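Q: Input structure: protein_39.txt, which contains compact mmCIF, C-alpha atoms.
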```
# COMPACT_ATOMS: atom_id res chain seq x y z
CA GLU A 1 4.15 -2.93 -19.06
CA VAL A 2 6.23 -2.79 -15.91
CA PRO A 3 7.31 0.27 -13.93
CA PRO A 4 10.86 1.59 -14.45
CA PHE A 5 11.90 0.82 -10.87
CA GLU A 6 11.11 -1.68 -8.16
CA CYS A 7 7.96 -0.54 -6.35
CA VAL A 8 7.79 -3.15 -3.62
CA ASP A 9 10.04 -4.72 -1.04
CA ASN A 10 10.99 -8.41 -1.20
CA VAL A 11 7.92 -10.47 -2.04
CA GLY A 12 6.57 -12.69 0.72
CA GLU A 13 3.88 -15.35 0.61
CA ARG A 14 1.25 -15.42 -2.14
CA HIS A 15 -2.41 -15.64 -1.17
CA ARG A 16 -4.54 -16.71 -4.14
CA ILE A 17 -8.14 -15.61 -3.74
CA GLU A 18 -10.98 -17.83 -4.97
CA SER A 19 -13.20 -16.36 -7.69
CA SER A 20 -16.24 -16.87 -5.42
CA ALA A 21 -14.72 -14.92 -2.51
CA SER A 22 -16.73 -12.15 -0.91
CA LEU A 23 -15.25 -8.75 -0.13
CA ASP A 24 -15.29 -9.67 3.58
CA THR A 25 -13.28 -12.82 2.83
CA ILE A 26 -10.70 -10.83 0.90
CA GLN A 27 -10.47 -8.31 3.73
CA ASN A 28 -9.93 -11.05 6.32
CA ILE A 29 -7.16 -12.63 4.24
CA MET A 30 -5.47 -9.26 3.88
CA ARG A 31 -5.64 -8.65 7.63
CA LYS A 32 -4.01 -12.03 8.36
CA ALA A 33 -1.36 -11.70 5.63
CA GLY A 34 2.23 -10.93 6.52
CA VAL A 35 4.22 -7.86 5.56
CA ASN A 36 5.26 -7.91 1.86
CA ASP A 37 2.80 -10.70 1.02
CA VAL A 38 0.97 -10.73 -2.33
CA ILE A 39 -2.82 -10.86 -2.45
CA GLU A 40 -3.59 -12.30 -5.89
CA LEU A 41 -7.11 -11.74 -7.21
CA PRO A 42 -8.39 -13.84 -10.13
CA CYS A 43 -10.53 -12.62 -13.00
CA GLY A 44 -13.97 -11.60 -11.82
CA THR A 45 -15.96 -8.93 -9.99
CA PHE A 46 -15.73 -8.54 -6.23
CA GLY A 47 -18.08 -6.44 -4.10
CA GLY A 48 -21.57 -5.19 -4.77
CA GLY A 49 -20.84 -1.53 -5.39
CA ALA A 50 -22.80 -0.14 -2.41
CA PRO A 51 -21.53 3.36 -1.44
CA GLU A 52 -20.28 2.19 1.96
CA GLU A 53 -18.43 -0.93 0.74
CA THR A 54 -14.70 -0.49 1.33
CA LEU A 55 -11.59 -2.64 1.08
CA GLU A 56 -8.69 -1.52 3.28
CA ILE A 57 -4.97 -2.10 2.82
CA THR A 58 -3.43 -1.63 6.27
CA LYS A 59 0.13 -2.92 5.80
CA ASN A 60 2.75 -3.06 3.06
CA LEU A 61 1.29 -5.58 0.63
CA ARG A 62 0.88 -6.05 -3.08
CA LEU A 63 -2.76 -6.31 -4.23
CA GLN A 64 -2.63 -7.79 -7.72
CA GLY A 65 -5.32 -8.64 -10.24
CA GLN A 66 -5.23 -10.03 -13.78
CA GLY A 67 -5.81 -6.80 -15.69
CA MET A 68 -7.89 -3.61 -15.66
CA ASP A 69 -10.78 -5.26 -17.48
CA GLN A 70 -10.34 -8.69 -15.91
CA THR A 71 -10.35 -8.02 -12.15
CA ILE A 72 -12.92 -5.52 -10.90
CA LEU A 73 -13.42 -4.24 -7.35
CA LYS A 74 -16.89 -2.72 -7.00
CA CYS A 75 -16.07 -0.87 -3.78
CA ASN A 76 -13.95 1.95 -2.42
CA LEU A 77 -10.27 1.26 -1.77
CA VAL A 78 -8.49 2.78 1.24
CA MET A 79 -4.81 2.60 2.13
CA LYS A 80 -3.95 3.30 5.75
CA GLN A 81 -1.40 1.77 8.10
CA ASP A 82 -2.26 -0.12 11.27
CA GLY A 83 0.39 -1.64 13.53
CA CYS A 84 3.45 -1.33 11.25
CA ARG A 85 5.64 1.44 9.89
CA GLY A 86 7.39 2.19 6.61
CA GLY A 87 7.59 -0.24 3.73
CA LYS A 88 6.04 -0.17 0.27
CA VAL A 89 2.57 -0.97 -1.01
CA MET A 90 1.41 -1.55 -4.57
CA VAL A 91 -1.90 -2.06 -6.32
CA GLN A 92 -1.56 -3.63 -9.76
CA LYS A 93 -3.62 -4.86 -12.73
CA LEU A 94 -7.19 -4.21 -11.63
CA LYS A 95 -10.12 -1.80 -11.82
CA VAL A 96 -11.71 -0.01 -8.88
CA GLN A 97 -15.32 1.01 -9.46
CA GLY A 98 -15.39 3.47 -6.58
CA VAL A 99 -12.99 5.99 -5.06
CA VAL A 100 -9.43 5.52 -3.80
CA THR A 101 -8.04 7.21 -0.66
CA VAL A 102 -4.55 7.13 0.84
CA THR A 103 -4.49 8.33 4.45
CA ASP A 104 -2.92 7.83 7.92
CA ASN A 105 0.28 5.98 6.97
CA THR A 106 4.08 6.04 7.04
CA PHE A 107 4.54 3.99 3.85
CA ASP A 108 7.77 4.82 2.04
CA ASP A 109 6.13 4.32 -1.37
CA VAL A 110 2.56 3.93 -2.60
CA SER A 111 2.33 2.74 -6.21
CA TYR A 112 -0.50 2.06 -8.64
CA VAL A 113 0.50 0.15 -11.76
CA ASN A 114 -1.98 -0.68 -14.55
CA VAL A 115 -4.93 0.38 -12.40
CA GLU A 116 -8.19 2.01 -13.47
CA VAL A 117 -10.16 4.07 -10.96
CA ASN A 118 -13.67 4.63 -12.27
CA ALA A 119 -15.58 7.11 -10.11
CA LYS A 120 -18.15 8.25 -12.65
CA LYS A 121 -20.98 7.59 -10.19
CA SER A 122 -19.31 9.35 -7.25
CA GLN A 123 -19.51 12.97 -6.17
CA SER A 124 -16.23 12.58 -4.25
CA ASP A 125 -12.76 12.92 -5.75
CA ALA A 126 -11.74 9.80 -7.68
CA MET A 127 -8.30 9.50 -6.00
CA THR A 128 -7.42 11.46 -2.84
CA ILE A 129 -3.91 11.47 -1.39
CA LYS A 130 -4.21 12.78 2.18
CA CYS A 131 -0.96 11.34 3.52
CA CYS A 132 1.88 9.86 1.45
CA LYS A 133 5.68 10.19 1.23
CA ARG A 134 6.04 9.08 -2.39
CA LEU A 135 3.26 8.35 -4.88
CA PHE A 136 3.77 6.69 -8.25
CA LEU A 137 1.10 6.24 -10.92
CA PHE A 138 2.20 4.18 -13.92
CA CYS A 139 -0.03 3.19 -16.87
CA CYS A 140 -3.20 4.09 -14.95
CA LYS A 141 -6.61 5.53 -15.82
CA ILE A 142 -8.59 7.85 -13.55
CA ILE A 143 -12.14 8.49 -14.71
CA GLY A 144 -14.76 10.77 -13.19
CA GLY A 145 -15.04 12.05 -9.65
CA SER A 146 -15.38 15.66 -8.51
CA ASP A 147 -11.63 16.11 -9.05
CA GLY A 148 -9.75 13.26 -10.71
CA LEU A 149 -6.53 13.22 -8.63
CA CYS A 150 -6.38 15.32 -5.46
CA LEU A 151 -2.90 15.69 -3.89
CA ILE A 152 -3.60 17.22 -0.48
CA ASP A 153 -0.45 16.34 1.50
CA ARG A 154 2.15 19.07 0.93
CA SER A 155 4.99 16.65 1.77
CA THR A 156 4.12 14.14 -0.98
CA SER A 157 6.60 13.47 -3.78
CA ALA A 158 4.46 12.38 -6.73
CA ARG A 159 5.22 11.14 -10.23
CA ILE A 160 2.59 10.45 -12.88
CA ASP A 161 3.73 8.43 -15.91
CA GLN A 162 1.74 7.11 -18.88
CA THR A 163 -1.55 7.84 -17.12
CA ASP A 164 -4.89 9.15 -18.44
CA ILE A 165 -7.10 11.36 -16.26
CA GLN A 166 -10.49 12.22 -17.76
CA PHE A 167 -14.12 13.23 -17.18
CA ALA A 168 -13.63 14.75 -13.73
CA ALA A 169 -16.52 17.10 -12.92
CA CYS A 170 -14.11 19.90 -11.90
CA ARG A 171 -10.35 19.49 -12.31
CA GLY A 172 -8.32 16.60 -13.59
CA ILE A 173 -5.58 17.23 -11.01
CA LEU A 174 -5.75 19.44 -7.92
CA ALA A 175 -2.36 19.57 -6.20
CA ASN A 176 -0.99 21.35 -3.14
CA VAL A 177 2.46 20.01 -3.97
CA ASN A 178 4.81 20.09 -6.94
CA PHE A 179 4.58 16.84 -8.91
CA ALA A 180 6.17 15.42 -12.05
CA ILE A 181 4.12 14.29 -15.04
CA LYS A 182 5.32 12.47 -18.16
CA ASN A 183 3.70 10.89 -21.24
CA SER A 184 0.26 11.40 -19.71
CA ALA A 185 -3.06 12.98 -20.71
CA VAL A 186 -5.57 15.09 -18.76
CA TYR A 187 -8.69 15.89 -20.75
CA ASN A 188 -12.50 16.24 -20.94
CA CYS A 189 -12.75 17.65 -17.40
CA GLY A 190 -15.57 20.01 -16.45
CA SER A 191 -13.42 22.92 -15.25
CA TYR A 192 -9.81 22.59 -16.44
CA GLY A 193 -6.95 20.15 -16.55
CA ILE A 194 -4.63 21.03 -13.66
CA LYS A 195 -4.69 23.37 -10.70
CA GLY A 196 -1.23 23.20 -9.17
CA ARG A 197 -0.88 25.54 -6.24
CA VAL A 198 2.94 25.37 -6.32
CA GLY A 199 3.37 24.35 -9.95
CA TRP A 200 4.41 21.05 -11.48
CA THR A 201 7.25 19.59 -13.52
CA ASP A 202 6.37 18.74 -17.12
CA LEU A 203 8.74 15.96 -18.23
CA GLY A 204 7.38 15.91 -21.77
CA GLY A 205 5.03 13.83 -23.89
CA ASN A 206 1.90 15.16 -22.15
CA THR A 207 -1.49 16.22 -23.51
CA LEU A 208 -3.00 18.54 -20.91
CA GLN A 209 -6.38 20.24 -21.04
CA PRO A 210 -5.71 24.00 -21.06
CA GLY A 211 -6.06 26.36 -18.06
CA PRO A 212 -6.80 28.70 -16.51
CA TRP A 213 -3.48 27.72 -14.97
CA SER A 214 -2.43 28.57 -11.44
CA GLU A 215 -0.16 31.59 -11.13
CA CYS A 216 2.75 29.18 -10.62
CA GLY A 217 1.99 27.09 -13.70
CA PRO A 218 4.19 24.26 -14.97
CA ARG A 219 7.92 24.35 -14.26
```
Now, as a test, write the supplied structure out as structure tokens.

A:
Amino acid sequence: EVPPFECVDNVGERHRIESSASLDTIQNIMRKAGVNDVIELPCGTFGGGAPEETLEITKNLRLQGQGMDQTILKCNLVMKQDGCRGGKVMVQKLKVQGVVTVTDNTFDDVSYVNVEVNAKKSQSDAMTIKCCKRLFLFCCKIIGGSDGLCLIDRSTSARIDQTDIQFAACRGILANVNFAIKNSAVYNCGSYGIKGRVGWTDLGGNTLQPGPWSECGPR
């Protein structure tokens, strides 16, 4: 499936990664890539899964695999900006066996499309949004972590669509900001489904693990 709106700026050059590439090689190619370039990963597993292994996206790029079960990053994934401002960044069609963090950026949009984040082995939150103007999750899976999705930045505008969040040790979603959720499921979490400190907007079609809800609750 494709998202209902364009998530990236005009596409630049494509960089096709070899199936034998190391994580360091991928990182070097991403550092040398231009703004709006596409980093295309083939089928395969990249990275060794050590706790400190991290791949960083530091400019507006598209990181694209071949499918959740076809392209696997066994590392943490960090989005932060270095030397550029604004723009859009998207991660698409891959699995991250680690945690995902968005921090220190001025990106206009950060989008995850057909992405699985599997943090079953981590005691950290599976996906942490520390700094982000607009976040879009479309057809994603978030599995495990202390909390599944943690929306820290109070200025973030977030929309969750057709996304499953499950098996978090505590809460499926912990949010300091109002967010919109549609056609999604939050379930099998250790504490409860959602803690929304300023509420959230239920756009329908959701299956949400029951409370205790925050005093604001859904809007």

Q: Can you measure atom CA of Ala126 of chain A to atom CA of Thr54 of chain A for me? One decimal in Å is fine.

A: 14.0 Å

Q: Could you give me, as a Markdown table, a per-residue list for segment 9-122 of chain A showing, wherever an atom lies at most 9 Å from an atom of segment 134-141 of chain A, the closest pair of atoms and their distance in Å to one decimal, using all atoms listed in the file and sorting by chain then residue number from low to high?

A:
```
| residue | atom | partner | partner_atom | distance |
| --- | --- | --- | --- | --- |
| A:Phe107 | CA | A:Arg134 | CA | 8.2 |
| A:Asp108 | CA | A:Arg134 | CA | 6.4 |
| A:Asp109 | CA | A:Arg134 | CA | 4.9 |
| A:Val110 | CA | A:Leu135 | CA | 5.0 |
| A:Ser111 | CA | A:Phe136 | CA | 4.7 |
| A:Tyr112 | CA | A:Leu137 | CA | 5.0 |
| A:Val113 | CA | A:Phe138 | CA | 4.9 |
| A:Asn114 | CA | A:Cys139 | CA | 4.9 |
| A:Val115 | CA | A:Cys140 | CA | 4.8 |
| A:Glu116 | CA | A:Lys141 | CA | 4.5 |
| A:Val117 | CA | A:Lys141 | CA | 6.2 |
| A:Asn118 | CA | A:Lys141 | CA | 8.0 |
```

Q: Give me, please, the distance in Å between atom CA of Asp161 of chain A and atom CA of Asp202 of chain A, quoted to one decimal.

A: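 Taking atom CA of Asp161 of chain A and atom CA of Asp202 of chain A, their separation equals 10.7 Å.
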
Q: How many Å separate atom CA of Gly144 of chain A from atom CA of Asn60 of chain A?

A: 27.6 Å

Q: For Leu208 of chain A, list every protein, DNA or RNA residue within 9 Å, evaluated using only C-alpha atoms, and leave out those in the same chain fewer than 3 positions away; present the list as a list in words.

A: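 Near neighbours after the sequence-gap exclusion: Ser184, Ala185, Val186, Tyr187, Gly193, Ile194 and Gly211 of chain A.
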
Q: Which residues, written as a PDB file with C-alpha atoms, keeping the file's coordinate frame, have at least one atom at most 6 Å from segment 63-73 of chain A, with only C-alpha atoms counted and residues fewer than 3 positions away on the same chain left out?

A:
```pdb
ATOM      1  CA  ILE A  39      -2.820 -10.860  -2.450  1.00  0.00           C
ATOM      2  CA  GLU A  40      -3.590 -12.300  -5.890  1.00  0.00           C
ATOM      3  CA  LEU A  41      -7.110 -11.740  -7.210  1.00  0.00           C
ATOM      4  CA  CYS A  43     -10.530 -12.620 -13.000  1.00  0.00           C
ATOM      5  CA  GLY A  44     -13.970 -11.600 -11.820  1.00  0.00           C
ATOM      6  CA  THR A  45     -15.960  -8.930  -9.990  1.00  0.00           C
ATOM      7  CA  PHE A  46     -15.730  -8.540  -6.230  1.00  0.00           C
ATOM      8  CA  VAL A  91      -1.900  -2.060  -6.320  1.00  0.00           C
ATOM      9  CA  GLN A  92      -1.560  -3.630  -9.760  1.00  0.00           C
ATOM     10  CA  LYS A  93      -3.620  -4.860 -12.730  1.00  0.00           C
ATOM     11  CA  LEU A  94      -7.190  -4.210 -11.630  1.00  0.00           C
ATOM     12  CA  LYS A  95     -10.120  -1.800 -11.820  1.00  0.00           C
ATOM     13  CA  VAL A  96     -11.710  -0.010  -8.880  1.00  0.00           C
ATOM     14  CA  GLN A  97     -15.320   1.010  -9.460  1.00  0.00           C
ATOM     15  CA  VAL A 115      -4.930   0.380 -12.400  1.00  0.00           C
TER      16      VAL A 115
END
```

Q: N, CA, C and O atoms are what I want for segment 146-169 of chain A; can you complete it accordingly and write them as a JSON list (two decimals), in the coordinates of the input?

A:
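That gives us out08.json:
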```
[["chain", "number", "residue", "atom", "x", "y", "z"],
["A", 146, "SER", "N", -15.30, 14.20, -8.54],
["A", 146, "SER", "CA", -15.38, 15.66, -8.51],
["A", 146, "SER", "C", -14.08, 16.23, -9.08],
["A", 146, "SER", "O", -14.09, 16.92, -10.09],
["A", 147, "ASP", "N", -12.94, 15.95, -8.43],
["A", 147, "ASP", "CA", -11.63, 16.11, -9.05],
["A", 147, "ASP", "C", -11.11, 14.71, -9.35],
["A", 147, "ASP", "O", -11.45, 13.75, -8.65],
["A", 148, "GLY", "N", -10.27, 14.58, -10.36],
["A", 148, "GLY", "CA", -9.75, 13.26, -10.71],
["A", 148, "GLY", "C", -8.72, 12.79, -9.68],
["A", 148, "GLY", "O", -8.91, 11.81, -8.98],
["A", 149, "LEU", "N", -7.60, 13.52, -9.59],
["A", 149, "LEU", "CA", -6.53, 13.22, -8.63],
["A", 149, "LEU", "C", -6.36, 14.42, -7.74],
["A", 149, "LEU", "O", -6.10, 15.53, -8.23],
["A", 150, "CYS", "N", -6.49, 14.22, -6.43],
["A", 150, "CYS", "CA", -6.38, 15.32, -5.46],
["A", 150, "CYS", "C", -5.19, 15.04, -4.55],
["A", 150, "CYS", "O", -5.22, 14.11, -3.75],
["A", 151, "LEU", "N", -4.12, 15.83, -4.69],
["A", 151, "LEU", "CA", -2.90, 15.69, -3.89],
["A", 151, "LEU", "C", -2.95, 16.73, -2.77],
["A", 151, "LEU", "O", -2.59, 17.89, -2.96],
["A", 152, "ILE", "N", -3.39, 16.30, -1.59],
["A", 152, "ILE", "CA", -3.60, 17.22, -0.48],
["A", 152, "ILE", "C", -2.33, 17.42, 0.34],
["A", 152, "ILE", "O", -1.99, 18.53, 0.73],
["A", 153, "ASP", "N", -1.62, 16.32, 0.62],
["A", 153, "ASP", "CA", -0.45, 16.34, 1.50],
["A", 153, "ASP", "C", 0.69, 17.14, 0.85],
["A", 153, "ASP", "O", 1.20, 16.76, -0.22],
["A", 154, "ARG", "N", 1.12, 18.21, 1.50],
["A", 154, "ARG", "CA", 2.15, 19.07, 0.93],
["A", 154, "ARG", "C", 3.54, 18.43, 0.97],
["A", 154, "ARG", "O", 4.48, 18.95, 0.38],
["A", 155, "SER", "N", 3.69, 17.31, 1.68],
["A", 155, "SER", "CA", 4.99, 16.65, 1.77],
["A", 155, "SER", "C", 5.12, 15.50, 0.78],
["A", 155, "SER", "O", 6.15, 14.82, 0.74],
["A", 156, "THR", "N", 4.10, 15.26, -0.04],
["A", 156, "THR", "CA", 4.12, 14.14, -0.98],
["A", 156, "THR", "C", 5.04, 14.43, -2.17],
["A", 156, "THR", "O", 5.00, 15.51, -2.75],
["A", 157, "SER", "N", 5.85, 13.45, -2.52],
["A", 157, "SER", "CA", 6.60, 13.47, -3.78],
["A", 157, "SER", "C", 5.85, 12.57, -4.75],
["A", 157, "SER", "O", 5.71, 11.37, -4.51],
["A", 158, "ALA", "N", 5.34, 13.14, -5.84],
["A", 158, "ALA", "CA", 4.46, 12.38, -6.73],
["A", 158, "ALA", "C", 4.98, 12.41, -8.16],
["A", 158, "ALA", "O", 5.46, 13.44, -8.65],
["A", 159, "ARG", "N", 4.87, 11.24, -8.81],
["A", 159, "ARG", "CA", 5.22, 11.14, -10.23],
["A", 159, "ARG", "C", 4.09, 10.42, -10.95],
["A", 159, "ARG", "O", 3.61, 9.37, -10.49],
["A", 160, "ILE", "N", 3.68, 10.99, -12.07],
["A", 160, "ILE", "CA", 2.59, 10.45, -12.88],
["A", 160, "ILE", "C", 3.18, 10.12, -14.25],
["A", 160, "ILE", "O", 3.73, 11.00, -14.92],
["A", 161, "ASP", "N", 3.07, 8.87, -14.68],
["A", 161, "ASP", "CA", 3.73, 8.43, -15.91],
["A", 161, "ASP", "C", 2.77, 7.56, -16.71],
["A", 161, "ASP", "O", 2.19, 6.60, -16.17],
["A", 162, "GLN", "N", 2.57, 7.90, -17.97],
["A", 162, "GLN", "CA", 1.74, 7.11, -18.88],
["A", 162, "GLN", "C", 0.34, 6.87, -18.29],
["A", 162, "GLN", "O", -0.17, 5.74, -18.28],
["A", 163, "THR", "N", -0.26, 7.93, -17.80],
["A", 163, "THR", "CA", -1.55, 7.84, -17.12],
["A", 163, "THR", "C", -2.55, 8.80, -17.75],
["A", 163, "THR", "O", -2.21, 9.94, -18.07],
["A", 164, "ASP", "N", -3.79, 8.34, -17.92],
["A", 164, "ASP", "CA", -4.89, 9.15, -18.44],
["A", 164, "ASP", "C", -5.81, 9.56, -17.30],
["A", 164, "ASP", "O", -6.24, 8.71, -16.51],
["A", 165, "ILE", "N", -6.15, 10.85, -17.24],
["A", 165, "ILE", "CA", -7.10, 11.36, -16.26],
["A", 165, "ILE", "C", -8.18, 12.11, -17.04],
["A", 165, "ILE", "O", -7.87, 13.06, -17.76],
["A", 166, "GLN", "N", -9.43, 11.67, -16.89],
["A", 166, "GLN", "CA", -10.49, 12.22, -17.76],
["A", 166, "GLN", "C", -11.84, 12.24, -17.06],
["A", 166, "GLN", "O", -12.08, 11.52, -16.10],
["A", 167, "PHE", "N", -12.71, 13.14, -17.58],
["A", 167, "PHE", "CA", -14.12, 13.23, -17.18],
["A", 167, "PHE", "C", -14.33, 13.56, -15.71],
["A", 167, "PHE", "O", -15.37, 13.22, -15.15],
["A", 168, "ALA", "N", -13.37, 14.22, -15.07],
["A", 168, "ALA", "CA", -13.63, 14.75, -13.73],
["A", 168, "ALA", "C", -14.62, 15.90, -13.85],
["A", 168, "ALA", "O", -14.58, 16.68, -14.82],
["A", 169, "ALA", "N", -15.52, 16.04, -12.87],
["A", 169, "ALA", "CA", -16.52, 17.10, -12.92],
["A", 169, "ALA", "C", -15.87, 18.48, -12.84],
["A", 169, "ALA", "O", -16.33, 19.43, -13.50]]
```
